[in-house]
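Everything below belongs to my_file-v5.cif, which stores mmCIF, C-alpha atoms.
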data_coords
loop_
_atom_site.group_PDB
_atom_site.id
_atom_site.type_symbol
_atom_site.label_atom_id
_atom_site.label_comp_id
_atom_site.auth_asym_id
_atom_site.auth_seq_id
_atom_site.Cartn_x
_atom_site.Cartn_y
_atom_site.Cartn_z
ATOM 1 C CA MET V 12 -23.426 20.547 1.952
ATOM 2 C CA VAL V 13 -27.220 20.591 1.986
ATOM 3 C CA ALA V 14 -27.615 19.089 5.449
ATOM 4 C CA LEU V 15 -25.252 21.531 7.123
ATOM 5 C CA SER V 16 -27.990 24.077 7.708
ATOM 6 C CA LEU V 17 -29.889 21.482 9.737
ATOM 7 C CA CYS V 18 -27.018 20.282 11.840
ATOM 8 C CA ASP V 19 -27.256 22.920 14.585
ATOM 9 C CA ARG V 20 -30.722 21.803 15.630
ATOM 10 C CA MET V 21 -30.126 18.097 15.108
ATOM 11 C CA LEU V 22 -26.880 18.029 17.066
ATOM 12 C CA CYS V 23 -28.712 19.665 19.981
ATOM 13 C CA SER V 24 -31.155 16.763 20.256
ATOM 14 C CA ASP V 25 -31.657 15.350 23.746
ATOM 15 C CA ASP V 26 -31.484 11.897 22.219
ATOM 16 C CA HIS V 27 -27.717 11.467 22.426
ATOM 17 C CA GLU V 28 -27.581 8.309 20.321
ATOM 18 C CA ARG V 29 -29.538 10.052 17.589
ATOM 19 C CA ALA V 30 -27.297 13.111 17.789
ATOM 20 C CA ARG V 31 -24.172 10.902 17.413
ATOM 21 C CA LYS V 32 -25.796 9.191 14.434
ATOM 22 C CA VAL V 33 -26.492 12.571 12.842
ATOM 23 C CA ALA V 34 -22.892 13.654 13.506
ATOM 24 C CA ARG V 35 -21.562 10.507 11.809
ATOM 25 C CA ARG V 36 -23.842 11.050 8.821
ATOM 26 C CA LEU V 37 -22.768 14.674 8.481
ATOM 27 C CA ILE V 38 -19.105 13.634 8.557
ATOM 28 C CA GLU V 39 -19.700 11.011 5.849
ATOM 29 C CA SER V 40 -21.500 13.563 3.733
ATOM 30 C CA MET V 41 -18.715 16.108 4.123
ATOM 31 C CA LEU V 42 -16.058 13.550 3.161
ATOM 32 C CA PHE V 43 -18.161 12.529 0.156
ATOM 33 C CA ASP V 44 -18.303 16.171 -0.958
ATOM 34 C CA ARG V 45 -14.524 16.357 -0.856
ATOM 35 C CA LYS V 46 -14.234 13.278 -3.060
ATOM 36 C CA GLU V 47 -16.586 14.944 -5.525
ATOM 37 C CA ILE V 48 -14.336 18.008 -5.690
ATOM 38 C CA GLU V 49 -11.396 15.704 -6.474
ATOM 39 C CA LYS V 50 -13.413 14.305 -9.375
ATOM 40 C CA PHE V 51 -14.144 17.822 -10.670
ATOM 41 C CA ASP V 52 -10.439 18.566 -10.409
ATOM 42 C CA ASP V 53 -9.647 15.499 -12.472
ATOM 43 C CA THR V 54 -12.227 16.527 -15.086
ATOM 44 C CA LEU V 55 -11.153 20.167 -15.345
ATOM 45 C CA ALA V 56 -7.378 19.790 -15.172
ATOM 46 C CA PRO V 57 -5.322 19.936 -18.375
ATOM 47 C CA GLU V 58 -3.925 16.601 -19.595
ATOM 48 C CA ASP V 59 -0.383 17.840 -19.123
ATOM 49 C CA PRO V 60 0.286 18.618 -15.433
ATOM 50 C CA LEU V 61 2.974 21.089 -16.514
ATOM 51 C CA HIS V 62 0.423 23.136 -18.435
ATOM 52 C CA PHE V 63 -0.921 25.400 -15.686
ATOM 53 C CA ASP V 64 -4.509 26.431 -16.310
ATOM 54 C CA ARG V 65 -5.101 29.270 -13.849
ATOM 55 C CA GLN V 66 -8.820 29.449 -14.547
ATOM 56 C CA SER V 67 -9.603 25.804 -13.779
ATOM 57 C CA ALA V 68 -7.145 25.744 -10.874
ATOM 58 C CA GLY V 69 -8.860 28.859 -9.483
ATOM 59 C CA LEU V 70 -12.310 27.298 -9.785
ATOM 60 C CA ILE V 71 -11.204 24.136 -8.013
ATOM 61 C CA ARG V 72 -9.482 26.206 -5.348
ATOM 62 C CA GLN V 73 -12.740 28.065 -4.648
ATOM 63 C CA MET V 74 -14.532 24.744 -4.239
ATOM 64 C CA TYR V 75 -11.921 23.525 -1.761
ATOM 65 C CA GLU V 76 -12.055 26.834 0.131
ATOM 66 C CA ARG V 77 -15.823 26.587 0.456
ATOM 67 C CA TRP V 78 -15.520 22.955 1.546
ATOM 68 C CA ALA V 79 -12.874 23.862 4.144
ATOM 69 C CA ASP V 80 -15.112 26.602 5.586
ATOM 70 C CA GLU V 81 -17.995 24.163 5.953
ATOM 71 C CA ALA V 82 -15.770 21.403 7.316
ATOM 72 C CA LYS V 83 -14.338 23.768 9.933
ATOM 73 C CA SER V 84 -17.811 24.793 10.986
ATOM 74 C CA LEU V 85 -18.946 21.180 11.224
ATOM 75 C CA LEU V 86 -15.841 20.162 13.202
ATOM 76 C CA GLU V 87 -16.514 22.963 15.683
ATOM 77 C CA GLN V 88 -20.176 22.050 16.055
ATOM 78 C CA ILE V 89 -19.485 18.355 16.539
ATOM 79 C CA ALA V 90 -16.684 19.062 19.025
ATOM 80 C CA LYS V 91 -19.069 21.280 20.968
ATOM 81 C CA GLY V 92 -21.918 18.774 20.748
ATOM 82 C CA ALA V 93 -19.672 15.875 21.752
ATOM 83 C CA GLN V 94 -19.354 17.427 25.216
ATOM 84 C CA ARG V 95 -23.040 16.515 25.666
ATOM 85 C CA PHE V 96 -23.588 13.415 23.541
ATOM 86 C CA GLY V 97 -20.151 11.797 23.784
ATOM 87 C CA PRO V 98 -17.257 11.253 21.371
ATOM 88 C CA VAL V 99 -17.700 10.536 17.680
ATOM 89 C CA PRO V 100 -14.548 8.649 16.577
ATOM 90 C CA GLU V 101 -15.218 9.321 12.879
ATOM 91 C CA ILE V 102 -14.386 12.979 13.482
ATOM 92 C CA GLU V 103 -10.693 12.075 13.122
ATOM 93 C CA LYS V 104 -11.214 11.344 9.420
ATOM 94 C CA LEU V 105 -12.732 14.766 8.904
ATOM 95 C CA GLN V 106 -9.983 16.440 10.948
ATOM 96 C CA TYR V 107 -7.385 14.777 8.719
ATOM 97 C CA ALA V 108 -9.203 15.758 5.519
ATOM 98 C CA PHE V 109 -9.548 19.323 6.793
ATOM 99 C CA GLY V 110 -5.865 19.613 7.775
ATOM 100 C CA LYS V 111 -4.767 18.155 4.458
ATOM 101 C CA THR V 112 -7.007 20.564 2.571
ATOM 102 C CA MET V 113 -5.692 23.571 4.477
ATOM 103 C CA ALA V 114 -2.102 22.456 3.761
ATOM 104 C CA MET V 115 -3.009 22.186 0.087
ATOM 105 C CA LEU V 116 -4.639 25.623 0.109
ATOM 106 C CA SER V 117 -1.453 27.119 1.551
ATOM 107 C CA ILE V 118 -0.065 26.608 -1.966
ATOM 108 C CA SER V 119 -1.208 29.669 -3.911
ATOM 109 C CA LEU V 120 -2.064 29.769 -7.607
ATOM 110 C CA ASP V 121 1.155 31.737 -8.137
ATOM 111 C CA ASP V 122 3.109 28.983 -6.341
ATOM 112 C CA MET V 123 1.532 26.385 -8.630
ATOM 113 C CA ASP V 124 2.386 28.446 -11.698
ATOM 114 C CA ALA V 125 5.962 28.934 -10.476
ATOM 115 C CA GLY V 126 6.286 25.196 -9.711
ATOM 116 C CA CYS V 127 5.449 24.363 -13.322
ATOM 117 C CA ARG V 128 7.813 27.006 -14.690
ATOM 118 C CA ASP V 129 10.700 25.869 -12.470
ATOM 119 C CA ILE V 130 10.428 22.352 -13.871
ATOM 120 C CA LEU V 131 9.919 23.460 -17.478
ATOM 121 C CA GLU V 132 12.938 25.783 -17.262
ATOM 122 C CA GLY V 133 15.105 23.186 -15.527
ATOM 123 C CA ARG V 134 15.443 24.901 -12.145
ATOM 124 C CA LEU V 135 15.752 21.661 -10.219
ATOM 125 C CA HIS V 136 17.624 20.590 -7.098
ATOM 126 C CA SER V 137 18.455 17.012 -6.254
ATOM 127 C CA ALA V 138 17.458 15.563 -2.885
ATOM 128 C CA GLU V 139 21.152 15.499 -2.002
ATOM 129 C CA GLU V 140 21.475 19.217 -2.726
ATOM 130 C CA VAL V 141 18.454 19.964 -0.536
ATOM 131 C CA ARG V 142 19.795 17.787 2.281
ATOM 132 C CA ARG V 143 23.206 19.434 2.006
ATOM 133 C CA GLU V 144 21.589 22.855 2.172
ATOM 134 C CA LEU V 145 19.584 21.827 5.226
ATOM 135 C CA HIS V 146 22.690 20.457 6.845
ATOM 136 C CA LEU V 147 24.488 23.781 6.353
ATOM 137 C CA ARG V 148 21.536 25.620 7.812
ATOM 138 C CA THR V 149 20.961 23.349 10.769
ATOM 139 C CA HIS V 150 24.491 22.671 12.027
ATOM 140 C CA MET U 108 14.110 24.501 -2.363
ATOM 141 C CA GLY U 109 12.206 27.615 -1.264
ATOM 142 C CA ASP U 110 9.163 25.585 -0.226
ATOM 143 C CA PHE U 111 11.243 23.793 2.412
ATOM 144 C CA LYS U 112 12.219 27.089 3.997
ATOM 145 C CA HIS U 113 8.637 27.664 5.097
ATOM 146 C CA LEU U 114 8.813 24.568 7.280
ATOM 147 C CA ASP U 115 10.332 24.206 10.731
ATOM 148 C CA ILE U 116 13.731 22.521 10.527
ATOM 149 C CA TRP U 117 12.548 19.241 12.065
ATOM 150 C CA LEU U 118 9.607 19.172 9.630
ATOM 151 C CA ARG U 119 11.938 19.691 6.653
ATOM 152 C CA GLU U 120 13.754 16.504 7.612
ATOM 153 C CA GLU U 121 10.466 14.654 8.093
ATOM 154 C CA THR U 122 9.303 15.878 4.687
ATOM 155 C CA LEU U 123 12.478 14.719 2.959
ATOM 156 C CA ASP U 124 12.113 11.312 4.621
ATOM 157 C CA GLU U 125 8.512 11.119 3.382
ATOM 158 C CA ILE U 126 9.606 12.067 -0.150
ATOM 159 C CA ASP U 127 12.237 9.311 0.002
ATOM 160 C CA PHE U 128 9.483 6.909 1.050
ATOM 161 C CA ALA U 129 7.295 8.023 -1.867
ATOM 162 C CA ALA U 130 10.228 7.588 -4.263
ATOM 163 C CA ALA U 131 10.769 4.060 -2.994
ATOM 164 C CA ASN U 132 7.037 3.300 -3.190
ATOM 165 C CA PRO U 133 5.734 5.186 -6.241
ATOM 166 C CA SER U 134 2.633 2.998 -6.402
ATOM 167 C CA THR U 135 1.366 4.803 -3.265
ATOM 168 C CA LEU U 136 1.079 8.062 -5.251
ATOM 169 C CA LYS U 137 -2.290 8.998 -6.685
ATOM 170 C CA ALA U 138 -2.946 11.547 -9.419
ATOM 171 C CA ARG U 139 -4.819 14.353 -7.713
ATOM 172 C CA LEU U 140 -4.804 18.146 -7.798
ATOM 173 C CA GLN U 141 -4.446 19.248 -11.410
ATOM 174 C CA ARG U 142 -3.201 15.758 -12.384
ATOM 175 C CA ASN U 143 -0.188 16.028 -10.119
ATOM 176 C CA ALA U 144 0.558 13.176 -7.782
ATOM 177 C CA VAL U 145 0.143 14.005 -4.130
ATOM 178 C CA HIS U 146 1.763 12.782 -0.957
ATOM 179 C CA ASP U 147 0.470 14.037 2.370
ATOM 180 C CA PHE U 148 1.204 13.209 5.970
ATOM 181 C CA VAL U 149 0.642 14.486 9.486
ATOM 182 C CA ARG U 150 2.926 14.762 12.499
ATOM 183 C CA VAL U 151 2.153 15.662 16.097
ATOM 184 C CA ARG U 152 4.683 17.660 18.084
ATOM 185 C CA GLY U 153 4.452 19.909 21.105
ATOM 186 C CA GLY U 154 0.667 19.725 21.302
ATOM 187 C CA ARG U 155 0.226 20.715 17.666
ATOM 188 C CA GLN U 156 -0.678 18.767 14.545
ATOM 189 C CA TYR U 157 1.360 19.517 11.412
ATOM 190 C CA TYR U 158 -0.073 18.621 8.027
ATOM 191 C CA VAL U 159 2.194 18.598 4.983
ATOM 192 C CA PHE U 160 0.983 18.341 1.412
ATOM 193 C CA VAL U 161 3.472 17.669 -1.380
ATOM 194 C CA THR U 162 2.659 17.801 -5.097
ATOM 195 C CA ILE U 163 4.847 15.572 -7.192
ATOM 196 C CA LEU U 164 5.413 15.041 -10.878
ATOM 197 C CA PRO U 165 6.680 11.530 -11.573
ATOM 198 C CA ASP U 166 9.335 11.662 -14.300
ATOM 199 C CA LYS U 167 9.107 8.055 -15.436
ATOM 200 C CA PRO U 168 11.741 8.153 -18.227
ATOM 201 C CA ALA U 169 14.335 9.504 -15.790
ATOM 202 C CA LYS U 170 12.994 7.314 -12.951
ATOM 203 C CA ARG U 171 12.749 10.230 -10.564
ATOM 204 C CA LEU U 172 10.141 12.337 -8.780
ATOM 205 C CA LEU U 173 9.994 16.086 -9.316
ATOM 206 C CA ILE U 174 8.683 18.004 -6.318
ATOM 207 C CA LYS U 175 6.541 20.900 -7.478
ATOM 208 C CA GLU U 176 5.183 22.465 -4.321
ATOM 209 C CA ILE U 177 5.029 21.852 -0.587
ATOM 210 C CA GLY U 178 2.178 23.219 1.499
ATOM 211 C CA SER U 179 1.665 23.023 5.237
ATOM 212 C CA PHE U 180 -0.860 23.757 7.944
ATOM 213 C CA ASP U 181 -0.730 23.373 11.688
ATOM 214 C CA CYS U 182 -3.285 23.556 14.458
ATOM 215 C CA GLU U 183 -3.700 22.561 18.070
ATOM 216 C CA VAL U 184 -4.285 18.864 18.685
ATOM 217 C CA PRO U 185 -8.061 18.621 19.221
#

Go ahead and express the file in the form of structure tokens.
Amino acid sequence: MVALSLCDRMLCSDDHERARKVARRLIESMLFDRKEIEKFDDTLAPEDPLHFDRQSAGLIRQMYERWADEAKSLLEQIAKGAQRFGPVPEIEKLQYAFGKTMAMLSISLDDMDAGCRDILEGRLHSAEEVRRELHLRTH
Amino acid sequence: MGDFKHLDIWLREETLDEIDFAAANPSTLKARLQRNAVHDFVRVRGGRQYYVFVTILPDKPAKRLLIKEIGSFDCEVP
């Protein structure tokens, strides 16, 4: 995000209303960037979701990783700044997008590849089988 | 099945309930992440936020959802 390099100084402004406005704008911009990555994903992905293209998946993953790094940094800066200039409710949207992205990134490229192969090779479990298994493990 | 084993037991149940919800409401699924459909949700428990991200392949002819992967992330409630 282009504006991220400016946010340190702007969020330190003594004009609290202005600082909150900047924080909101930075959040909007960060969420917009994430939407753009989704569009790249849609453009790069193979037509068949069971055809795993490691190269395009890897490129998209790098974009999400970079986004998550920047989002984390922005969340930390806004949380710190909010102690001076007051709460910015829009931060919840960015927190959700960040958490969701980190959950997605916990799925490795190998996991994605294996997920496709499991389906293609018929290694499937019904919901009932999974529930039964959980029941055996939990009781 | 292995993806569930990475989750706490209570979160496995929550995830299965969410998958049931998605199966009953397939129109809520959007094609994202390498053209797979995605369902994500968050839960708060014990001062932590748990995010779960499920990739799903709708199998329309068989009228079923195939779960490909389940990812998760947790952090302190801000």

I need the output of the PyMOL selection byres ((chain U) within 8 of (chain V)) for this file as a list in words; which residues are they?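 The output of the PyMOL selection byres ((chain U) within 8 of (chain V)) on this file is Met108, Ile116, Leu123, Arg139, Leu140, Gln141, Arg142, Asn143, Asp147, Phe148, Tyr158, Val159, Phe160, Leu164, Leu173, Lys175, Glu176, Ile177, Gly178, Ser179, Phe180 and Asp181 of chain U.
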
What is the distance, in Å and to one decimal place, between atom CA of Gly153 of chain U and atom CA of Asp115 of chain U? 12.7 Å

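Across U:Leu118, U:Lys137, U:Asp110, U:Asp124, the tightest approach to Ile174 of chain U is made by U:Asp110 when counting all atoms listed in the file.
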
Just how far from atom CA of Met74 of chain V is atom CA of Pro100 of chain V, in Å to one decimal?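 Taking atom CA of Pro100 of chain V and atom CA of Met74 of chain V, their separation equals 26.3 Å.
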
Could you jot down the atom CA of Asp121 of chain V to atom CA of Thr162 of chain U separation for me, Å, one decimal place?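 Answer for the atom CA of Asp121 of chain V to atom CA of Thr162 of chain U separation: 14.3 Å.
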
Taking the file as I've supplied it (selection: the PyMOL selection byres ((chain U and resi 155) around 7)), which residues are included? Please answer as a PyMOL selection string. chain U and resi 151-154+156-157+181-184

Rebuild segment 144-170 of chain U to N, CA and C atoms - output it as an mmCIF file, in the coordinates of the input, please.
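New file part_9.cif:
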data_model
loop_
_atom_site.group_PDB
_atom_site.id
_atom_site.type_symbol
_atom_site.label_atom_id
_atom_site.label_comp_id
_atom_site.auth_asym_id
_atom_site.auth_seq_id
_atom_site.Cartn_x
_atom_site.Cartn_y
_atom_site.Cartn_z
ATOM 1 N N ALA U 144 0.646 14.151 -8.860
ATOM 2 C CA ALA U 144 0.558 13.176 -7.782
ATOM 3 C C ALA U 144 0.693 13.928 -6.458
ATOM 4 N N VAL U 145 0.148 13.332 -5.432
ATOM 5 C CA VAL U 145 0.143 14.005 -4.130
ATOM 6 C C VAL U 145 0.620 13.048 -3.049
ATOM 7 N N HIS U 146 1.420 13.559 -2.147
ATOM 8 C CA HIS U 146 1.763 12.782 -0.957
ATOM 9 C C HIS U 146 1.512 13.687 0.248
ATOM 10 N N ASP U 147 0.722 13.214 1.187
ATOM 11 C CA ASP U 147 0.470 14.037 2.370
ATOM 12 C C ASP U 147 0.668 13.204 3.626
ATOM 13 N N PHE U 148 0.997 13.905 4.701
ATOM 14 C CA PHE U 148 1.204 13.209 5.970
ATOM 15 C C PHE U 148 0.985 14.188 7.119
ATOM 16 N N VAL U 149 0.854 13.638 8.304
ATOM 17 C CA VAL U 149 0.642 14.486 9.486
ATOM 18 C C VAL U 149 1.608 14.064 10.586
ATOM 19 N N ARG U 150 2.073 15.029 11.340
ATOM 20 C CA ARG U 150 2.926 14.762 12.499
ATOM 21 C C ARG U 150 2.373 15.539 13.692
ATOM 22 N N VAL U 151 2.574 14.976 14.867
ATOM 23 C CA VAL U 151 2.153 15.662 16.097
ATOM 24 C C VAL U 151 3.402 16.000 16.892
ATOM 25 N N ARG U 152 3.500 17.236 17.307
ATOM 26 C CA ARG U 152 4.683 17.660 18.084
ATOM 27 C C ARG U 152 4.306 18.867 18.943
ATOM 28 N N GLY U 153 4.670 18.783 20.194
ATOM 29 C CA GLY U 153 4.452 19.909 21.105
ATOM 30 C C GLY U 153 3.002 20.355 21.187
ATOM 31 N N GLY U 154 2.093 19.396 21.164
ATOM 32 C CA GLY U 154 0.667 19.725 21.302
ATOM 33 C C GLY U 154 0.038 20.291 20.037
ATOM 34 N N ARG U 155 0.787 20.238 18.936
ATOM 35 C CA ARG U 155 0.226 20.715 17.666
ATOM 36 C C ARG U 155 0.278 19.614 16.614
ATOM 37 N N GLN U 156 -0.668 19.688 15.677
ATOM 38 C CA GLN U 156 -0.678 18.767 14.545
ATOM 39 C C GLN U 156 -0.159 19.524 13.323
ATOM 40 N N TYR U 157 0.767 18.905 12.612
ATOM 41 C CA TYR U 157 1.360 19.517 11.412
ATOM 42 C C TYR U 157 0.980 18.675 10.205
ATOM 43 N N TYR U 158 0.300 19.296 9.268
ATOM 44 C CA TYR U 158 -0.073 18.621 8.027
ATOM 45 C C TYR U 158 0.829 19.138 6.911
ATOM 46 N N VAL U 159 1.350 18.210 6.125
ATOM 47 C CA VAL U 159 2.194 18.598 4.983
ATOM 48 C C VAL U 159 1.616 17.965 3.722
ATOM 49 N N PHE U 160 1.590 18.748 2.680
ATOM 50 C CA PHE U 160 0.983 18.341 1.412
ATOM 51 C C PHE U 160 2.001 18.605 0.301
ATOM 52 N N VAL U 161 2.424 17.549 -0.365
ATOM 53 C CA VAL U 161 3.472 17.669 -1.380
ATOM 54 C C VAL U 161 2.899 17.302 -2.744
ATOM 55 N N THR U 162 3.078 18.172 -3.742
ATOM 56 C CA THR U 162 2.659 17.801 -5.097
ATOM 57 C C THR U 162 3.891 17.352 -5.871
ATOM 58 N N ILE U 163 3.715 16.277 -6.582
ATOM 59 C CA ILE U 163 4.847 15.572 -7.192
ATOM 60 C C ILE U 163 4.545 15.270 -8.648
ATOM 61 N N LEU U 164 5.549 15.430 -9.475
ATOM 62 C CA LEU U 164 5.413 15.041 -10.878
ATOM 63 C C LEU U 164 6.350 13.857 -11.127
ATOM 64 N N PRO U 165 5.790 12.671 -11.288
ATOM 65 C CA PRO U 165 6.680 11.530 -11.573
ATOM 66 C C PRO U 165 7.305 11.684 -12.963
ATOM 67 N N ASP U 166 8.616 11.588 -13.027
ATOM 68 C CA ASP U 166 9.335 11.662 -14.300
ATOM 69 C C ASP U 166 9.770 10.231 -14.615
ATOM 70 N N LYS U 167 8.864 9.490 -15.246
ATOM 71 C CA LYS U 167 9.107 8.055 -15.436
ATOM 72 C C LYS U 167 10.343 7.760 -16.284
ATOM 73 N N PRO U 168 10.551 8.481 -17.422
ATOM 74 C CA PRO U 168 11.741 8.153 -18.227
ATOM 75 C C PRO U 168 13.041 8.278 -17.419
ATOM 76 N N ALA U 169 13.105 9.297 -16.573
ATOM 77 C CA ALA U 169 14.335 9.504 -15.790
ATOM 78 C C ALA U 169 14.285 8.762 -14.455
ATOM 79 N N LYS U 170 13.182 8.059 -14.205
ATOM 80 C CA LYS U 170 12.994 7.314 -12.951
ATOM 81 C C LYS U 170 13.271 8.200 -11.733
#
